[in-house]
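I have placed the structure first, in the form of structure tokens, so that the comments after it can refer back to it.
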Amino acid sequence: MPHSFGLRARTRHLFARDFRKKGAIPLSTYLKTYKVGDIVDIKANGAIHKGMPHKYYHGKTGIVYNVTKSSVGVIVHKIVGNRYLEKRVNIRIEHIKHSNCRLDFLRRVKENARLKKEAKEKGVAVNVKRQPVGPRPAHYVSTKNNVPITVAPVPYEGTALPGAGGGPVPVSLFQVPEGKYTYTIYSYIRDGRFLDVIKILSNELGTFPKSRAALSLLGYCYFQIQEYGEAANCYEQLVRHFPEADEYRLYYAQSLYKAGQYVPAQKACQTIENPEMGDKVHHGSFSVHGSVRCISLINGLSVVGIFEQILKLQAAIKYETEDISGCKLLIDQSRSDDPDTMVNQACLLFKEMKFEEACSKYAEAMKIVGYQAELSYNIALCHYQLKQYVPALKYIADIIEKGIREHPELGVGMATEGIEIRSVGNSQILHETYLIEAFNLKAAIEYQLKNCKSIETLQPANSRKRKIDPKNATDEAAREALTDMPPRLEQELDPVTLHNQALMNMDEDPTGGFEKLNFLLQHVPCPPEAFGNLLLLYVKYDYLDSAADLLAENAHLAPTSLNSYLFDFLEATLLRQSAPEEAYKKFDDLANMHVDQLRKLTKQVQEARQNHDEETVKRVVNEYDDAVERYIPVLMSQSKIYWDMENYHMVEKIFRKSVEFCNEHDVWKLNVAHVLFMQESKYKEAISFYEPIVKKSYDNILDVTAIVLANLCVSYIMTSQNEEAEDLMRKIEKEEERIAYEDDPASAAGGGGAGAGGAGPKRTYHLCIVNLVIGTLYCAKGNYEFGISRIMKSLEPFNKK
């Protein structure tokens, strides 16, 4: 849902009470005495809603000017521009406390008075001014029982470890006290300091490259921080140096599986000769990817038995390689009373898109094994696939709440723009809490609720062809969900999070988004949605050559990552430049397919209403809306072929054929208005489509695209409705002045013009664009005097442009 801008917006943490300070209000709060002239600090108490100050005054200090039975009046100075305004606020006593700001001053006054009195009695002079602290006095440092330690620089984290380039290794860099090597290593592992252990053991391997203990612990630490490729390298060396130890073969197979190298992992499983080593498994797990917004589902497999564990690992590998029949065969060999078997069967049902049955299986497994974050996440993902967003958000909220309560060190919600937060890394604790997966799924749900679909539409302005997104693609709620997840460095992000960040920030940083998506395509594992989304974004930003190259270079990804509808749509779009006639035929075939589907759904709705089947009506109506959303991009792409040829009559004809299904769709109505506007003889018809769009957002008129307002004004002028055009421009001017004043009252009062939108962070240029369009229109009609005056008006104030 959209952001609130109420009086208490963004005060969840600001007004929250301190740790162990919740509960009943202490009686001492009401026994304090406040007098006129007292200096008090304003600190809002979230438990008392009456008499609460505005969030601006939270943390401010003021002077009491009035005292009543249960509240006080406080004078606070507020900075507005370059002025200090005196504000008088009435606040209940629960929200204030006596200030300590003068205590140090009063102490110094008394201390200075005492020093002056003593100096006068002694007849000496005294300096009572505060003096800065001087340097420490000189002293000697003895080396007796104090061995000097050589200080060495810490290497940069992203470069090779010391000695890797052939240079000398600083001896004291990873120095461990003599006789406490084992204790230090295992203490670090117990405390989760795996990176420190890796540094120490890497230094140790430089001296003893075949050390079994060092390689084994190093592989374990790499596995815990989810560096599965490095863990596989360590276990591969152990398998080579100690072939008799079958547990290393199993660890090696697990690491390869987690690294996405399924074929080598399967071969490693086949080399395990002694199944009795199966109870030493780190992790064996399925990894299922959601098909809509790149949401990964991972179900961990617990340690149950010896032979069972190897079966599960092999089943997981077949699952990831899409060998569903082989996976089923292996799962059927597992014990039926094992909860993991039930979970694995649910994963298979999910793969077969039987989401309701999979959800029931997951819920049944949770009743047996108790609450687990991974199972809760799996249930949430099933609800997401069924478009049941409310229960999905409920399960996500449970995961997040439990993660915050049990692991506050993960820093959920601590990331703030402009402030550096320490990375929590990819620890095993972070993986077990499923916070990353939960926040990604929450972002996907918010993204779907916002209905941010990249739909190609037409937008004319002075005979220019452009593409717009009909709905605001900047989904703040989805972006906030990604921001609230535990902080990590960009190089530590998992593929799913990196993909979702690229998608959410595409409007602000398209170059960075394209780089991230191309980076994901070159690495394994890659979210299956990355390929299709990258192609669609290339099409959206009109990089058709890049899209064609990408599709040709990654033809092997098309069958698995693109469904038939999306592949046909992209193929027709890429033909638009080189063979427009063939592209039109392909789009026409797609459009006819959608029209047939819409007619079938319309018939189903009518039959369900006749049978008074409300559930079926609701379900089919939702399917109808989804079908319309799929039909709109095809319709717009088909129309754009004639739009580029400036054959607006044919574009109108195409739109008229689709009026039966799309006459209530905002995108369709907006584009119909554009087409009528471009034909110049149909300004009145264009007004009938533009006016509802503008009136729908009349109270917040700047939410309407500037070019729509400009086209409406031009239509008014061309139909001799100049008064309506002037009223609309006055409304835009007042709204821009209001925003300018809210951002910078001093600048607005001093002449922040209508076209500038003030010098604050919100720059609005709606009136500027409208004046430019109208001025150009009058110049084109030969009225240069008035036209140039409107163009000059659009540039005022000049210092803001």
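For the structure tokens, the naming scheme is as follows: chains receive sequential letters (A, B, ...) according to their order of presentation, residues are indexed from 1 within each chain, and ligands are indexed from 1 in presentation order.
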
Q: Identify, on the basis of only C-alpha atoms, every residue whose closest approach to Ala502 of chain A does not exceed 8 Å; exclude the query and any residue fewer than 4 positions from it along the same chain; express the result as a list of chain:residue names.
A: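 Within the cut-off, the hits are A:Leu498, A:Met506, A:Gly512, A:Gly513, A:Phe514, A:Lys516, A:Leu517.
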
Shortest contact to Leu709 of chain A, candidates A:Leu503, A:Val773, A:Leu441, A:Met414, atoms counted only C-alpha atoms, goes to A:Val773

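With only C-alpha atoms taken into account, the protein and nucleic acid residues at most 9 Å from segment 596-600 of chain A (excluding it and anything under 4 positions from it in its own chain) are A:Ala591, A:Asn592, A:Gln604, A:Val605, A:Tyr624, A:Ala627, A:Val628, A:Phe661.
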
In Å and to one decimal, atom CA of Ile96 of chain A is distant from atom CA of Asp41 of chain A by 5.6 Å

Q | Shell around Ile198 of chain A at 12 Å using only C-alpha atoms, local window under 2 positions removed, as a PyMOL selection string | A | chain A and resi 161+174+185-186+188-189+192-196+200-205+214-225+227+230-231+234

Just write the chosen residues, C-alpha atoms, as a short mmCIF file (atom, residue, chain, number, x, y, z; two decimals), in the first residue's frame.
```cif
data_model
loop_
_atom_site.label_atom_id
_atom_site.label_comp_id
_atom_site.auth_asym_id
_atom_site.auth_seq_id
_atom_site.Cartn_x
_atom_site.Cartn_y
_atom_site.Cartn_z
CA LEU A 161 45.98 -12.73 1.14
CA PHE A 174 47.48 -13.44 12.21
CA ILE A 185 40.33 -21.47 16.36
CA TYR A 186 37.42 -23.25 18.02
CA TYR A 188 36.23 -18.16 16.87
CA ILE A 189 34.08 -20.88 15.29
CA GLY A 192 30.69 -17.27 14.46
CA ARG A 193 33.90 -15.44 13.50
CA PHE A 194 34.41 -17.58 10.41
CA LEU A 195 36.23 -14.90 8.41
CA ASP A 196 38.89 -14.61 11.12
CA ILE A 200 44.35 -17.74 10.18
CA LEU A 201 43.98 -21.09 8.43
CA SER A 202 44.84 -19.66 5.01
CA ASN A 203 48.09 -18.42 6.51
CA GLU A 204 48.64 -21.87 8.03
CA LEU A 205 48.08 -23.60 4.67
CA ALA A 214 43.35 -26.87 8.39
CA LEU A 215 41.65 -27.96 5.14
CA SER A 216 38.73 -29.56 6.98
CA LEU A 217 38.08 -26.53 9.21
CA LEU A 218 38.60 -24.18 6.29
CA GLY A 219 36.01 -26.06 4.21
CA TYR A 220 33.58 -25.95 7.14
CA CYS A 221 34.02 -22.20 7.59
CA TYR A 222 33.59 -21.50 3.87
CA PHE A 223 30.40 -23.59 3.93
CA GLN A 224 29.06 -21.63 6.90
CA ILE A 225 29.52 -18.27 5.15
CA GLU A 227 31.11 -19.64 -0.08
CA GLU A 230 35.70 -22.38 -1.95
CA ALA A 231 34.35 -25.09 0.36
CA CYS A 234 38.94 -27.54 0.18
#
```

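Using only C-alpha atoms, the shortest contact distance between Gly59 of chain A and any of A:Asn145, A:Thr719, A:Asn45, A:Ser28 is found at A:Asn45.
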
- Kindly give the distance, in Å, that separates atom CA of Ala44 of chain A and atom CA of His95 of chain A, rounded to a single decimal.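 Atom-to-atom, atom CA of Ala44 of chain A and atom CA of His95 of chain A are spaced 4.6 Å apart.
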
Quick one: DSSP strand (DSSP E) residues in segment 4-251 of chain A, as an MDAnalysis selection string? chainID A and resid 39:42 61:67 71:80 83:92 96:98

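Using only C-alpha atoms, the nearest neighbour of Leu728 of chain A within the list A:Glu742, A:Glu374, A:Glu691, A:Glu401 is A:Glu691.
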
Contacts of segment 520-533 of chain A within 7 Å, only C-alpha atoms, excl. fewer than 2 positions in-chain, as number ranges by chain: A: 260, 291, 293-294, 495-496, 499, 516-518, 535-537, 561-562

Using backbone DSSP assignments, extract all helix (DSSP H, G or I) residues from segment 612-680 of chain A; output them as JSON, numbers by chain. {"A": [614, 615, 616, 617, 618, 619, 620, 621, 622, 623, 624, 625, 626, 627, 628, 629, 630, 631, 632, 633, 634, 635, 636, 637, 638, 639, 640, 641, 642, 643, 644, 648, 649, 650, 651, 652, 653, 654, 655, 656, 657, 659, 660, 661, 662, 666, 667, 668, 669, 670, 671, 672, 673, 674, 675, 676, 677, 678]}

| task | Please identify all polymer residues within 12 Å of Glu492 of chain A, counting only C-alpha atoms, omitting same-chain residues fewer than 4 positions from it, and present them as number ranges by chain. | result | A: 158, 225-227, 423-427, 486-488, 496-498

Write a file of the selected residues as a PDB file, in the first residue's frame, keeping N, CA, C and O atoms.
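selection35.pdb was written with the following content:
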```
ATOM      1  N   GLY A 158      39.365  -7.312  -0.457  1.00  0.00           N
ATOM      2  CA  GLY A 158      39.064  -7.847  -1.771  1.00  0.00           C
ATOM      3  C   GLY A 158      40.270  -8.370  -2.516  1.00  0.00           C
ATOM      4  O   GLY A 158      40.145  -8.933  -3.593  1.00  0.00           O
ATOM      5  N   ILE A 225      29.747 -19.614   5.694  1.00  0.00           N
ATOM      6  CA  ILE A 225      29.519 -18.266   5.152  1.00  0.00           C
ATOM      7  C   ILE A 225      28.993 -18.337   3.720  1.00  0.00           C
ATOM      8  O   ILE A 225      28.968 -17.326   3.010  1.00  0.00           O
ATOM      9  N   GLN A 226      28.577 -19.539   3.305  1.00  0.00           N
ATOM     10  CA  GLN A 226      27.927 -19.760   2.010  1.00  0.00           C
ATOM     11  C   GLN A 226      28.853 -19.497   0.820  1.00  0.00           C
ATOM     12  O   GLN A 226      28.396 -19.158  -0.261  1.00  0.00           O
ATOM     13  N   GLU A 227      30.151 -19.654   1.022  1.00  0.00           N
ATOM     14  CA  GLU A 227      31.114 -19.640  -0.083  1.00  0.00           C
ATOM     15  C   GLU A 227      31.330 -21.096  -0.516  1.00  0.00           C
ATOM     16  O   GLU A 227      32.359 -21.705  -0.237  1.00  0.00           O
ATOM     17  N   SER A 423      28.077  -4.612   7.647  1.00  0.00           N
ATOM     18  CA  SER A 423      27.489  -5.782   6.990  1.00  0.00           C
ATOM     19  C   SER A 423      27.438  -6.953   7.963  1.00  0.00           C
ATOM     20  O   SER A 423      28.365  -7.182   8.733  1.00  0.00           O
ATOM     21  N   VAL A 424      26.333  -7.708   7.909  1.00  0.00           N
ATOM     22  CA  VAL A 424      26.220  -8.895   8.758  1.00  0.00           C
ATOM     23  C   VAL A 424      26.744 -10.130   8.037  1.00  0.00           C
ATOM     24  O   VAL A 424      26.843 -11.203   8.636  1.00  0.00           O
ATOM     25  N   GLY A 425      27.089  -9.988   6.741  1.00  0.00           N
ATOM     26  CA  GLY A 425      27.643 -11.109   5.990  1.00  0.00           C
ATOM     27  C   GLY A 425      26.616 -12.193   5.714  1.00  0.00           C
ATOM     28  O   GLY A 425      25.445 -12.094   6.096  1.00  0.00           O
ATOM     29  N   ASN A 426      27.053 -13.248   5.050  1.00  0.00           N
ATOM     30  CA  ASN A 426      26.173 -14.374   4.730  1.00  0.00           C
ATOM     31  C   ASN A 426      26.393 -15.498   5.734  1.00  0.00           C
ATOM     32  O   ASN A 426      26.928 -16.554   5.397  1.00  0.00           O
ATOM     33  N   SER A 427      25.986 -15.256   6.953  1.00  0.00           N
ATOM     34  CA  SER A 427      26.210 -16.239   8.004  1.00  0.00           C
ATOM     35  C   SER A 427      25.165 -17.345   7.932  1.00  0.00           C
ATOM     36  O   SER A 427      24.113 -17.203   7.311  1.00  0.00           O
ATOM     37  N   PRO A 486      18.451  -7.545   6.406  1.00  0.00           N
ATOM     38  CA  PRO A 486      19.754  -7.383   7.060  1.00  0.00           C
ATOM     39  C   PRO A 486      20.797  -6.805   6.106  1.00  0.00           C
ATOM     40  O   PRO A 486      20.888  -7.231   4.951  1.00  0.00           O
ATOM     41  N   PRO A 487      21.572  -5.812   6.566  1.00  0.00           N
ATOM     42  CA  PRO A 487      22.519  -5.137   5.661  1.00  0.00           C
ATOM     43  C   PRO A 487      23.666  -6.042   5.242  1.00  0.00           C
ATOM     44  O   PRO A 487      24.257  -6.748   6.060  1.00  0.00           O
ATOM     45  N   ARG A 488      23.959  -6.007   3.942  1.00  0.00           N
ATOM     46  CA  ARG A 488      25.091  -6.743   3.381  1.00  0.00           C
ATOM     47  C   ARG A 488      25.733  -5.892   2.297  1.00  0.00           C
ATOM     48  O   ARG A 488      25.091  -5.000   1.728  1.00  0.00           O
ATOM     49  N   VAL A 496      19.120 -13.702  -6.017  1.00  0.00           N
ATOM     50  CA  VAL A 496      17.718 -13.265  -5.998  1.00  0.00           C
ATOM     51  C   VAL A 496      17.619 -11.809  -5.560  1.00  0.00           C
ATOM     52  O   VAL A 496      16.927 -10.997  -6.178  1.00  0.00           O
ATOM     53  N   THR A 497      18.306 -11.448  -4.477  1.00  0.00           N
ATOM     54  CA  THR A 497      18.258 -10.071  -3.995  1.00  0.00           C
ATOM     55  C   THR A 497      18.862  -9.114  -5.007  1.00  0.00           C
ATOM     56  O   THR A 497      18.329  -8.015  -5.239  1.00  0.00           O
ATOM     57  N   LEU A 498      19.971  -9.510  -5.622  1.00  0.00           N
ATOM     58  CA  LEU A 498      20.600  -8.645  -6.629  1.00  0.00           C
ATOM     59  C   LEU A 498      19.644  -8.419  -7.799  1.00  0.00           C
ATOM     60  O   LEU A 498      19.522  -7.294  -8.307  1.00  0.00           O
TER      61      LEU A 498
END
```
